[in-house]
Every structure is written in structure tokens, then in C-alpha cells.
Amino acid sequence: MLGVLLQLRSPSADPVIALAVIGLTVLSISLSVVIAIVLFRGYRRGPGQSGMLYLALGLILLTTVPELLRVGLPTLTSVGPIGRTAFVSGCELAGLGVILWTVYGGGSK
């Protein structure tokens, strides 16, 4: 009944599980954006706080963009699972790289 109301089709799982996965994805994206906003505000507040901006960028690349790619690539393009995995993993690695660069003093003067 819930699947009919939401027009949710799930060939391999119960619609409740599919809905839970969608909800957790939205929660993950929302939390990472909120944390990035807090970091960006910290960057704007103090002079010489460029590390906050880089941490926000790394967090967005590590969490938000990959989640959007996992949903958006198969929905909007014909990219296969291997291509999607490559895009998502590359984005996550870039995010981790930015965070490590920031933590180890790459952005400080």
C-alpha cells in the first residue's frame, strides 16, 4: 500500500526498505550540508581561517557529492555501474585528499 501511494518500485527489496534508504540518503546529504555551512561561517568570521573553507570543501566532496552522484548518475544518464563507481570513488578520494591537505597544514600560511 505504501509503495502504491509513493509510486515506489523496488524489484529486489521491500518498499519500506527502499523508502528507508532514500530517507537515510536525504539525511546524510542534509547533515553534511549543515556542517559545511557551519564551517563556511567560521571561515567568514575570522581572518586567516582558510582551513575552515577547505574542510567544508573536503566534506562536500566526501559526502554530499558522492551521494548525489549515486542517485543522479543512474537516473539522469546512461553511465553504468563501473563508471558510477569510478566517479563516486574519485570524488570521495578528492574529498579525503583536501581534508588531509588541510589537516597537515597545506592551507595555512
# chains A, B, ... in the order shown; residues from 1 in each chain; ligands from 1
>>> residues_around(residues="A:Leu57", least_positions_apart="2", cutoff="9 Å", atoms="only C-alpha atoms", output="JSON, numbers by chain")
{"A": [36, 52, 53, 54, 55, 59, 60, 61, 62, 95, 98, 99]}
>>> residues_around(residues="A:Glu92", least_positions_apart="5", cutoff="9 Å", atoms="only C-alpha atoms", output="PyMOL selection string")
chain A and resi 58+61-63+65-66+87+97
>>> select_by_dssp(residues="chain A", states="alpha helix (DSSP H)", output="PDB file with N, CA and C atoms, in the first residue's frame")
ATOM      1  N   LEU A   2       1.921   1.275   0.847  1.00  0.00           N
ATOM      2  CA  LEU A   2       2.807   2.440   0.918  1.00  0.00           C
ATOM      3  C   LEU A   2       3.515   2.654  -0.409  1.00  0.00           C
ATOM      4  N   GLY A   3       3.938   1.559  -1.067  1.00  0.00           N
ATOM      5  CA  GLY A   3       4.601   1.654  -2.367  1.00  0.00           C
ATOM      6  C   GLY A   3       3.686   2.223  -3.428  1.00  0.00           C
ATOM      7  N   VAL A   4       2.416   1.881  -3.374  1.00  0.00           N
ATOM      8  CA  VAL A   4       1.456   2.406  -4.347  1.00  0.00           C
ATOM      9  C   VAL A   4       1.249   3.901  -4.127  1.00  0.00           C
ATOM     10  N   LEU A   5       1.161   4.314  -2.892  1.00  0.00           N
ATOM     11  CA  LEU A   5       0.952   5.730  -2.601  1.00  0.00           C
ATOM     12  C   LEU A   5       2.139   6.586  -3.034  1.00  0.00           C
ATOM     13  N   LEU A   6       3.342   6.072  -2.854  1.00  0.00           N
ATOM     14  CA  LEU A   6       4.538   6.834  -3.187  1.00  0.00           C
ATOM     15  C   LEU A   6       5.044   6.558  -4.593  1.00  0.00           C
ATOM     16  N   PRO A  15       9.340  -2.258  -0.313  1.00  0.00           N
ATOM     17  CA  PRO A  15       9.271  -0.796  -0.488  1.00  0.00           C
ATOM     18  C   PRO A  15       9.602  -0.011   0.775  1.00  0.00           C
ATOM     19  N   VAL A  16       9.354  -0.580   1.931  1.00  0.00           N
ATOM     20  CA  VAL A  16       9.692   0.115   3.176  1.00  0.00           C
ATOM     21  C   VAL A  16      11.208   0.255   3.302  1.00  0.00           C
ATOM     22  N   ILE A  17      11.934  -0.774   2.908  1.00  0.00           N
ATOM     23  CA  ILE A  17      13.400  -0.707   2.953  1.00  0.00           C
ATOM     24  C   ILE A  17      13.904   0.321   1.949  1.00  0.00           C
ATOM     25  N   ALA A  18      13.332   0.331   0.756  1.00  0.00           N
ATOM     26  CA  ALA A  18      13.736   1.315  -0.254  1.00  0.00           C
ATOM     27  C   ALA A  18      13.460   2.733   0.236  1.00  0.00           C
ATOM     28  N   LEU A  19      12.331   2.935   0.875  1.00  0.00           N
ATOM     29  CA  LEU A  19      11.997   4.252   1.418  1.00  0.00           C
ATOM     30  C   LEU A  19      12.956   4.643   2.541  1.00  0.00           C
ATOM     31  N   ALA A  20      13.353   3.683   3.356  1.00  0.00           N
ATOM     32  CA  ALA A  20      14.317   3.952   4.428  1.00  0.00           C
ATOM     33  C   ALA A  20      15.666   4.361   3.846  1.00  0.00           C
ATOM     34  N   VAL A  21      16.084   3.703   2.767  1.00  0.00           N
ATOM     35  CA  VAL A  21      17.351   4.052   2.121  1.00  0.00           C
ATOM     36  C   VAL A  21      17.287   5.471   1.569  1.00  0.00           C
ATOM     37  N   ILE A  22      16.176   5.837   0.949  1.00  0.00           N
ATOM     38  CA  ILE A  22      16.008   7.198   0.434  1.00  0.00           C
ATOM     39  C   ILE A  22      16.052   8.203   1.582  1.00  0.00           C
ATOM     40  N   GLY A  23      15.378   7.885   2.672  1.00  0.00           N
ATOM     41  CA  GLY A  23      15.388   8.772   3.835  1.00  0.00           C
ATOM     42  C   GLY A  23      16.775   8.954   4.425  1.00  0.00           C
ATOM     43  N   LEU A  24      17.539   7.871   4.519  1.00  0.00           N
ATOM     44  CA  LEU A  24      18.898   7.968   5.049  1.00  0.00           C
ATOM     45  C   LEU A  24      19.812   8.748   4.108  1.00  0.00           C
ATOM     46  N   THR A  25      19.596   8.615   2.812  1.00  0.00           N
ATOM     47  CA  THR A  25      20.381   9.389   1.850  1.00  0.00           C
ATOM     48  C   THR A  25      20.109  10.877   2.008  1.00  0.00           C
ATOM     49  N   VAL A  26      18.844  11.232   2.126  1.00  0.00           N
ATOM     50  CA  VAL A  26      18.479  12.640   2.322  1.00  0.00           C
ATOM     51  C   VAL A  26      19.054  13.157   3.639  1.00  0.00           C
ATOM     52  N   LEU A  27      19.003  12.360   4.684  1.00  0.00           N
ATOM     53  CA  LEU A  27      19.567  12.755   5.977  1.00  0.00           C
ATOM     54  C   LEU A  27      21.072  12.960   5.874  1.00  0.00           C
ATOM     55  N   SER A  28      21.761  12.065   5.194  1.00  0.00           N
ATOM     56  CA  SER A  28      23.209  12.183   5.027  1.00  0.00           C
ATOM     57  C   SER A  28      23.581  13.456   4.280  1.00  0.00           C
ATOM     58  N   ILE A  29      22.873  13.732   3.196  1.00  0.00           N
ATOM     59  CA  ILE A  29      23.143  14.947   2.427  1.00  0.00           C
ATOM     60  C   ILE A  29      22.854  16.183   3.265  1.00  0.00           C
ATOM     61  N   SER A  30      21.742  16.173   3.987  1.00  0.00           N
ATOM     62  CA  SER A  30      21.362  17.333   4.803  1.00  0.00           C
ATOM     63  C   SER A  30      22.387  17.614   5.895  1.00  0.00           C
ATOM     64  N   LEU A  31      22.810  16.582   6.597  1.00  0.00           N
ATOM     65  CA  LEU A  31      23.787  16.778   7.678  1.00  0.00           C
ATOM     66  C   LEU A  31      25.121  17.289   7.153  1.00  0.00           C
ATOM     67  N   SER A  32      25.570  16.761   6.029  1.00  0.00           N
ATOM     68  CA  SER A  32      26.858  17.221   5.513  1.00  0.00           C
ATOM     69  C   SER A  32      26.779  18.669   5.029  1.00  0.00           C
ATOM     70  N   VAL A  33      25.651  19.063   4.461  1.00  0.00           N
ATOM     71  CA  VAL A  33      25.492  20.453   4.026  1.00  0.00           C
ATOM     72  C   VAL A  33      25.440  21.385   5.236  1.00  0.00           C
ATOM     73  N   VAL A  34      24.743  20.980   6.291  1.00  0.00           N
ATOM     74  CA  VAL A  34      24.673  21.811   7.508  1.00  0.00           C
ATOM     75  C   VAL A  34      26.068  21.983   8.114  1.00  0.00           C
ATOM     76  N   ILE A  35      26.834  20.909   8.190  1.00  0.00           N
ATOM     77  CA  ILE A  35      28.189  21.010   8.747  1.00  0.00           C
ATOM     78  C   ILE A  35      29.063  21.888   7.861  1.00  0.00           C
ATOM     79  N   ALA A  36      28.929  21.757   6.544  1.00  0.00           N
ATOM     80  CA  ALA A  36      29.706  22.607   5.634  1.00  0.00           C
ATOM     81  C   ALA A  36      29.331  24.075   5.791  1.00  0.00           C
ATOM     82  N   ILE A  37      28.066  24.358   6.028  1.00  0.00           N
ATOM     83  CA  ILE A  37      27.633  25.749   6.249  1.00  0.00           C
ATOM     84  C   ILE A  37      28.259  26.298   7.525  1.00  0.00           C
ATOM     85  N   VAL A  38      28.290  25.498   8.582  1.00  0.00           N
ATOM     86  CA  VAL A  38      28.923  25.932   9.834  1.00  0.00           C
ATOM     87  C   VAL A  38      30.408  26.214   9.611  1.00  0.00           C
ATOM     88  N   LEU A  39      31.082  25.342   8.871  1.00  0.00           N
ATOM     89  CA  LEU A  39      32.494  25.568   8.581  1.00  0.00           C
ATOM     90  C   LEU A  39      32.692  26.825   7.732  1.00  0.00           C
ATOM     91  N   PHE A  40      31.818  27.049   6.770  1.00  0.00           N
ATOM     92  CA  PHE A  40      31.925  28.244   5.932  1.00  0.00           C
ATOM     93  C   PHE A  40      31.708  29.511   6.748  1.00  0.00           C
ATOM     94  N   ARG A  41      30.765  29.469   7.677  1.00  0.00           N
ATOM     95  CA  ARG A  41      30.560  30.637   8.553  1.00  0.00           C
ATOM     96  C   ARG A  41      31.785  30.899   9.413  1.00  0.00           C
ATOM     97  N   GLY A  42      32.423  29.843   9.898  1.00  0.00           N
ATOM     98  CA  GLY A  42      33.661  30.008  10.651  1.00  0.00           C
ATOM     99  C   GLY A  42      34.760  30.610   9.803  1.00  0.00           C
ATOM    100  N   TYR A  43      34.802  30.249   8.538  1.00  0.00           N
ATOM    101  CA  TYR A  43      35.783  30.826   7.616  1.00  0.00           C
ATOM    102  C   TYR A  43      35.531  32.316   7.422  1.00  0.00           C
ATOM    103  N   ARG A  44      34.275  32.701   7.263  1.00  0.00           N
ATOM    104  CA  ARG A  44      33.944  34.109   7.043  1.00  0.00           C
ATOM    105  C   ARG A  44      34.143  34.952   8.291  1.00  0.00           C
ATOM    106  N   ARG A  45      34.036  34.349   9.465  1.00  0.00           N
ATOM    107  CA  ARG A  45      34.102  35.093  10.721  1.00  0.00           C
ATOM    108  C   ARG A  45      35.514  35.559  11.053  1.00  0.00           C
ATOM    109  N   SER A  50      41.411  30.037   6.451  1.00  0.00           N
ATOM    110  CA  SER A  50      41.150  29.374   5.176  1.00  0.00           C
ATOM    111  C   SER A  50      41.005  27.863   5.343  1.00  0.00           C
ATOM    112  N   GLY A  51      41.542  27.318   6.425  1.00  0.00           N
ATOM    113  CA  GLY A  51      41.394  25.888   6.677  1.00  0.00           C
ATOM    114  C   GLY A  51      39.942  25.468   6.820  1.00  0.00           C
ATOM    115  N   MET A  52      39.132  26.341   7.385  1.00  0.00           N
ATOM    116  CA  MET A  52      37.706  26.043   7.528  1.00  0.00           C
ATOM    117  C   MET A  52      37.044  25.886   6.164  1.00  0.00           C
ATOM    118  N   LEU A  53      37.420  26.754   5.226  1.00  0.00           N
ATOM    119  CA  LEU A  53      36.849  26.680   3.885  1.00  0.00           C
ATOM    120  C   LEU A  53      37.261  25.380   3.200  1.00  0.00           C
ATOM    121  N   TYR A  54      38.519  24.997   3.351  1.00  0.00           N
ATOM    122  CA  TYR A  54      38.990  23.761   2.736  1.00  0.00           C
ATOM    123  C   TYR A  54      38.353  22.529   3.384  1.00  0.00           C
ATOM    124  N   LEU A  55      38.145  22.584   4.686  1.00  0.00           N
ATOM    125  CA  LEU A  55      37.439  21.478   5.342  1.00  0.00           C
ATOM    126  C   LEU A  55      36.005  21.353   4.834  1.00  0.00           C
ATOM    127  N   ALA A  56      35.345  22.486   4.633  1.00  0.00           N
ATOM    128  CA  ALA A  56      33.983  22.463   4.093  1.00  0.00           C
ATOM    129  C   ALA A  56      33.982  21.854   2.699  1.00  0.00           C
ATOM    130  N   LEU A  57      34.924  22.258   1.865  1.00  0.00           N
ATOM    131  CA  LEU A  57      35.025  21.711   0.519  1.00  0.00           C
ATOM    132  C   LEU A  57      35.294  20.206   0.555  1.00  0.00           C
ATOM    133  N   GLY A  58      36.218  19.777   1.418  1.00  0.00           N
ATOM    134  CA  GLY A  58      36.519  18.353   1.543  1.00  0.00           C
ATOM    135  C   GLY A  58      35.319  17.550   2.009  1.00  0.00           C
ATOM    136  N   LEU A  59      34.578  18.097   2.948  1.00  0.00           N
ATOM    137  CA  LEU A  59      33.390  17.412   3.449  1.00  0.00           C
ATOM    138  C   LEU A  59      32.333  17.270   2.357  1.00  0.00           C
ATOM    139  N   VAL A  65      28.504  15.200  -2.553  1.00  0.00           N
ATOM    140  CA  VAL A  65      28.596  14.955  -3.993  1.00  0.00           C
ATOM    141  C   VAL A  65      28.507  13.461  -4.327  1.00  0.00           C
ATOM    142  N   PRO A  66      29.201  12.568  -3.598  1.00  0.00           N
ATOM    143  CA  PRO A  66      29.042  11.150  -3.920  1.00  0.00           C
ATOM    144  C   PRO A  66      27.612  10.629  -3.753  1.00  0.00           C
ATOM    145  N   GLU A  67      26.918  11.096  -2.725  1.00  0.00           N
ATOM    146  CA  GLU A  67      25.522  10.671  -2.554  1.00  0.00           C
ATOM    147  C   GLU A  67      24.674  11.141  -3.726  1.00  0.00           C
ATOM    148  N   LEU A  68      24.885  12.374  -4.153  1.00  0.00           N
ATOM    149  CA  LEU A  68      24.142  12.891  -5.300  1.00  0.00           C
ATOM    150  C   LEU A  68      24.505  12.145  -6.580  1.00  0.00           C
ATOM    151  N   LEU A  69      25.780  11.778  -6.726  1.00  0.00           N
ATOM    152  CA  LEU A  69      26.195  11.009  -7.896  1.00  0.00           C
ATOM    153  C   LEU A  69      25.578   9.612  -7.897  1.00  0.00           C
ATOM    154  N   ARG A  70      25.512   8.992  -6.725  1.00  0.00           N
ATOM    155  CA  ARG A  70      24.914   7.642  -6.643  1.00  0.00           C
ATOM    156  C   ARG A  70      23.459   7.636  -7.096  1.00  0.00           C
ATOM    157  N   VAL A  71      22.756   8.713  -6.815  1.00  0.00           N
ATOM    158  CA  VAL A  71      21.348   8.812  -7.203  1.00  0.00           C
ATOM    159  C   VAL A  71      21.212   9.405  -8.605  1.00  0.00           C
ATOM    160  N   GLY A  72      21.959  10.452  -8.887  1.00  0.00           N
ATOM    161  CA  GLY A  72      21.775  11.198 -10.121  1.00  0.00           C
ATOM    162  C   GLY A  72      22.308  10.541 -11.375  1.00  0.00           C
ATOM    163  N   LEU A  73      23.473   9.896 -11.283  1.00  0.00           N
ATOM    164  CA  LEU A  73      24.048   9.303 -12.487  1.00  0.00           C
ATOM    165  C   LEU A  73      23.159   8.230 -13.105  1.00  0.00           C
ATOM    166  N   PRO A  74      22.677   7.251 -12.336  1.00  0.00           N
ATOM    167  CA  PRO A  74      21.815   6.256 -12.982  1.00  0.00           C
ATOM    168  C   PRO A  74      20.460   6.816 -13.400  1.00  0.00           C
ATOM    169  N   THR A  75      20.007   7.854 -12.720  1.00  0.00           N
ATOM    170  CA  THR A  75      18.700   8.428 -13.028  1.00  0.00           C
ATOM    171  C   THR A  75      18.752   9.299 -14.273  1.00  0.00           C
ATOM    172  N   LEU A  76      19.778  10.136 -14.395  1.00  0.00           N
ATOM    173  CA  LEU A  76      19.823  11.138 -15.455  1.00  0.00           C
ATOM    174  C   LEU A  76      20.689  10.767 -16.652  1.00  0.00           C
ATOM    175  N   PRO A  81      27.316   0.847 -13.914  1.00  0.00           N
ATOM    176  CA  PRO A  81      27.778   0.728 -12.523  1.00  0.00           C
ATOM    177  C   PRO A  81      29.278   0.949 -12.346  1.00  0.00           C
ATOM    178  N   ILE A  82      30.072   0.532 -13.316  1.00  0.00           N
ATOM    179  CA  ILE A  82      31.523   0.712 -13.195  1.00  0.00           C
ATOM    180  C   ILE A  82      31.882   2.190 -13.301  1.00  0.00           C
ATOM    181  N   GLY A  83      31.275   2.885 -14.245  1.00  0.00           N
ATOM    182  CA  GLY A  83      31.521   4.321 -14.385  1.00  0.00           C
ATOM    183  C   GLY A  83      31.053   5.093 -13.169  1.00  0.00           C
ATOM    184  N   ARG A  84      29.887   4.706 -12.639  1.00  0.00           N
ATOM    185  CA  ARG A  84      29.360   5.374 -11.450  1.00  0.00           C
ATOM    186  C   ARG A  84      30.296   5.163 -10.270  1.00  0.00           C
ATOM    187  N   THR A  85      30.780   3.944 -10.111  1.00  0.00           N
ATOM    188  CA  THR A  85      31.715   3.653  -9.020  1.00  0.00           C
ATOM    189  C   THR A  85      32.998   4.459  -9.168  1.00  0.00           C
ATOM    190  N   ALA A  86      33.476   4.602 -10.400  1.00  0.00           N
ATOM    191  CA  ALA A  86      34.695   5.383 -10.629  1.00  0.00           C
ATOM    192  C   ALA A  86      34.482   6.852 -10.280  1.00  0.00           C
ATOM    193  N   PHE A  87      33.356   7.421 -10.710  1.00  0.00           N
ATOM    194  CA  PHE A  87      33.059   8.817 -10.383  1.00  0.00           C
ATOM    195  C   PHE A  87      32.932   9.021  -8.876  1.00  0.00           C
ATOM    196  N   VAL A  88      32.185   8.137  -8.222  1.00  0.00           N
ATOM    197  CA  VAL A  88      31.951   8.275  -6.784  1.00  0.00           C
ATOM    198  C   VAL A  88      33.254   8.102  -6.013  1.00  0.00           C
ATOM    199  N   SER A  89      34.023   7.080  -6.345  1.00  0.00           N
ATOM    200  CA  SER A  89      35.288   6.852  -5.635  1.00  0.00           C
ATOM    201  C   SER A  89      36.275   7.985  -5.863  1.00  0.00           C
ATOM    202  N   GLY A  90      36.334   8.501  -7.088  1.00  0.00           N
ATOM    203  CA  GLY A  90      37.218   9.631  -7.380  1.00  0.00           C
ATOM    204  C   GLY A  90      36.845  10.864  -6.577  1.00  0.00           C
ATOM    205  N   CYS A  91      35.551  11.109  -6.456  1.00  0.00           N
ATOM    206  CA  CYS A  91      35.085  12.262  -5.683  1.00  0.00           C
ATOM    207  C   CYS A  91      35.400  12.083  -4.198  1.00  0.00           C
ATOM    208  N   GLU A  92      35.184  10.883  -3.679  1.00  0.00           N
ATOM    209  CA  GLU A  92      35.500  10.622  -2.268  1.00  0.00           C
ATOM    210  C   GLU A  92      36.992  10.758  -2.001  1.00  0.00           C
ATOM    211  N   LEU A  93      37.818  10.249  -2.916  1.00  0.00           N
ATOM    212  CA  LEU A  93      39.267  10.392  -2.747  1.00  0.00           C
ATOM    213  C   LEU A  93      39.709  11.847  -2.809  1.00  0.00           C
ATOM    214  N   ALA A  94      39.091  12.624  -3.687  1.00  0.00           N
ATOM    215  CA  ALA A  94      39.409  14.057  -3.749  1.00  0.00           C
ATOM    216  C   ALA A  94      39.036  14.738  -2.431  1.00  0.00           C
ATOM    217  N   GLY A  95      37.882  14.402  -1.872  1.00  0.00           N
ATOM    218  CA  GLY A  95      37.466  14.970  -0.590  1.00  0.00           C
ATOM    219  C   GLY A  95      38.421  14.604   0.528  1.00  0.00           C
ATOM    220  N   LEU A  96      38.814  13.331   0.578  1.00  0.00           N
ATOM    221  CA  LEU A  96      39.787  12.913   1.594  1.00  0.00           C
ATOM    222  C   LEU A  96      41.125  13.617   1.400  1.00  0.00           C
ATOM    223  N   GLY A  97      41.530  13.801   0.156  1.00  0.00           N
ATOM    224  CA  GLY A  97      42.778  14.494  -0.121  1.00  0.00           C
ATOM    225  C   GLY A  97      42.748  15.939   0.352  1.00  0.00           C
ATOM    226  N   VAL A  98      41.637  16.628   0.107  1.00  0.00           N
ATOM    227  CA  VAL A  98      41.508  18.022   0.548  1.00  0.00           C
ATOM    228  C   VAL A  98      41.530  18.094   2.073  1.00  0.00           C
ATOM    229  N   ILE A  99      40.838  17.175   2.731  1.00  0.00           N
ATOM    230  CA  ILE A  99      40.814  17.175   4.202  1.00  0.00           C
ATOM    231  C   ILE A  99      42.206  16.895   4.759  1.00  0.00           C
ATOM    232  N   LEU A 100      42.902  15.905   4.215  1.00  0.00           N
ATOM    233  CA  LEU A 100      44.261  15.603   4.688  1.00  0.00           C
ATOM    234  C   LEU A 100      45.204  16.773   4.431  1.00  0.00           C
ATOM    235  N   TRP A 101      45.081  17.400   3.282  1.00  0.00           N
ATOM    236  CA  TRP A 101      45.921  18.547   2.951  1.00  0.00           C
ATOM    237  C   TRP A 101      45.693  19.670   3.958  1.00  0.00           C
ATOM    238  N   THR A 102      44.426  19.866   4.343  1.00  0.00           N
ATOM    239  CA  THR A 102      44.095  20.920   5.305  1.00  0.00           C
ATOM    240  C   THR A 102      44.619  20.583   6.693  1.00  0.00           C
ATOM    241  N   VAL A 103      44.413  19.354   7.121  1.00  0.00           N
ATOM    242  CA  VAL A 103      44.817  18.937   8.465  1.00  0.00           C
ATOM    243  C   VAL A 103      46.329  19.036   8.639  1.00  0.00           C
TER     244      VAL A 103
END
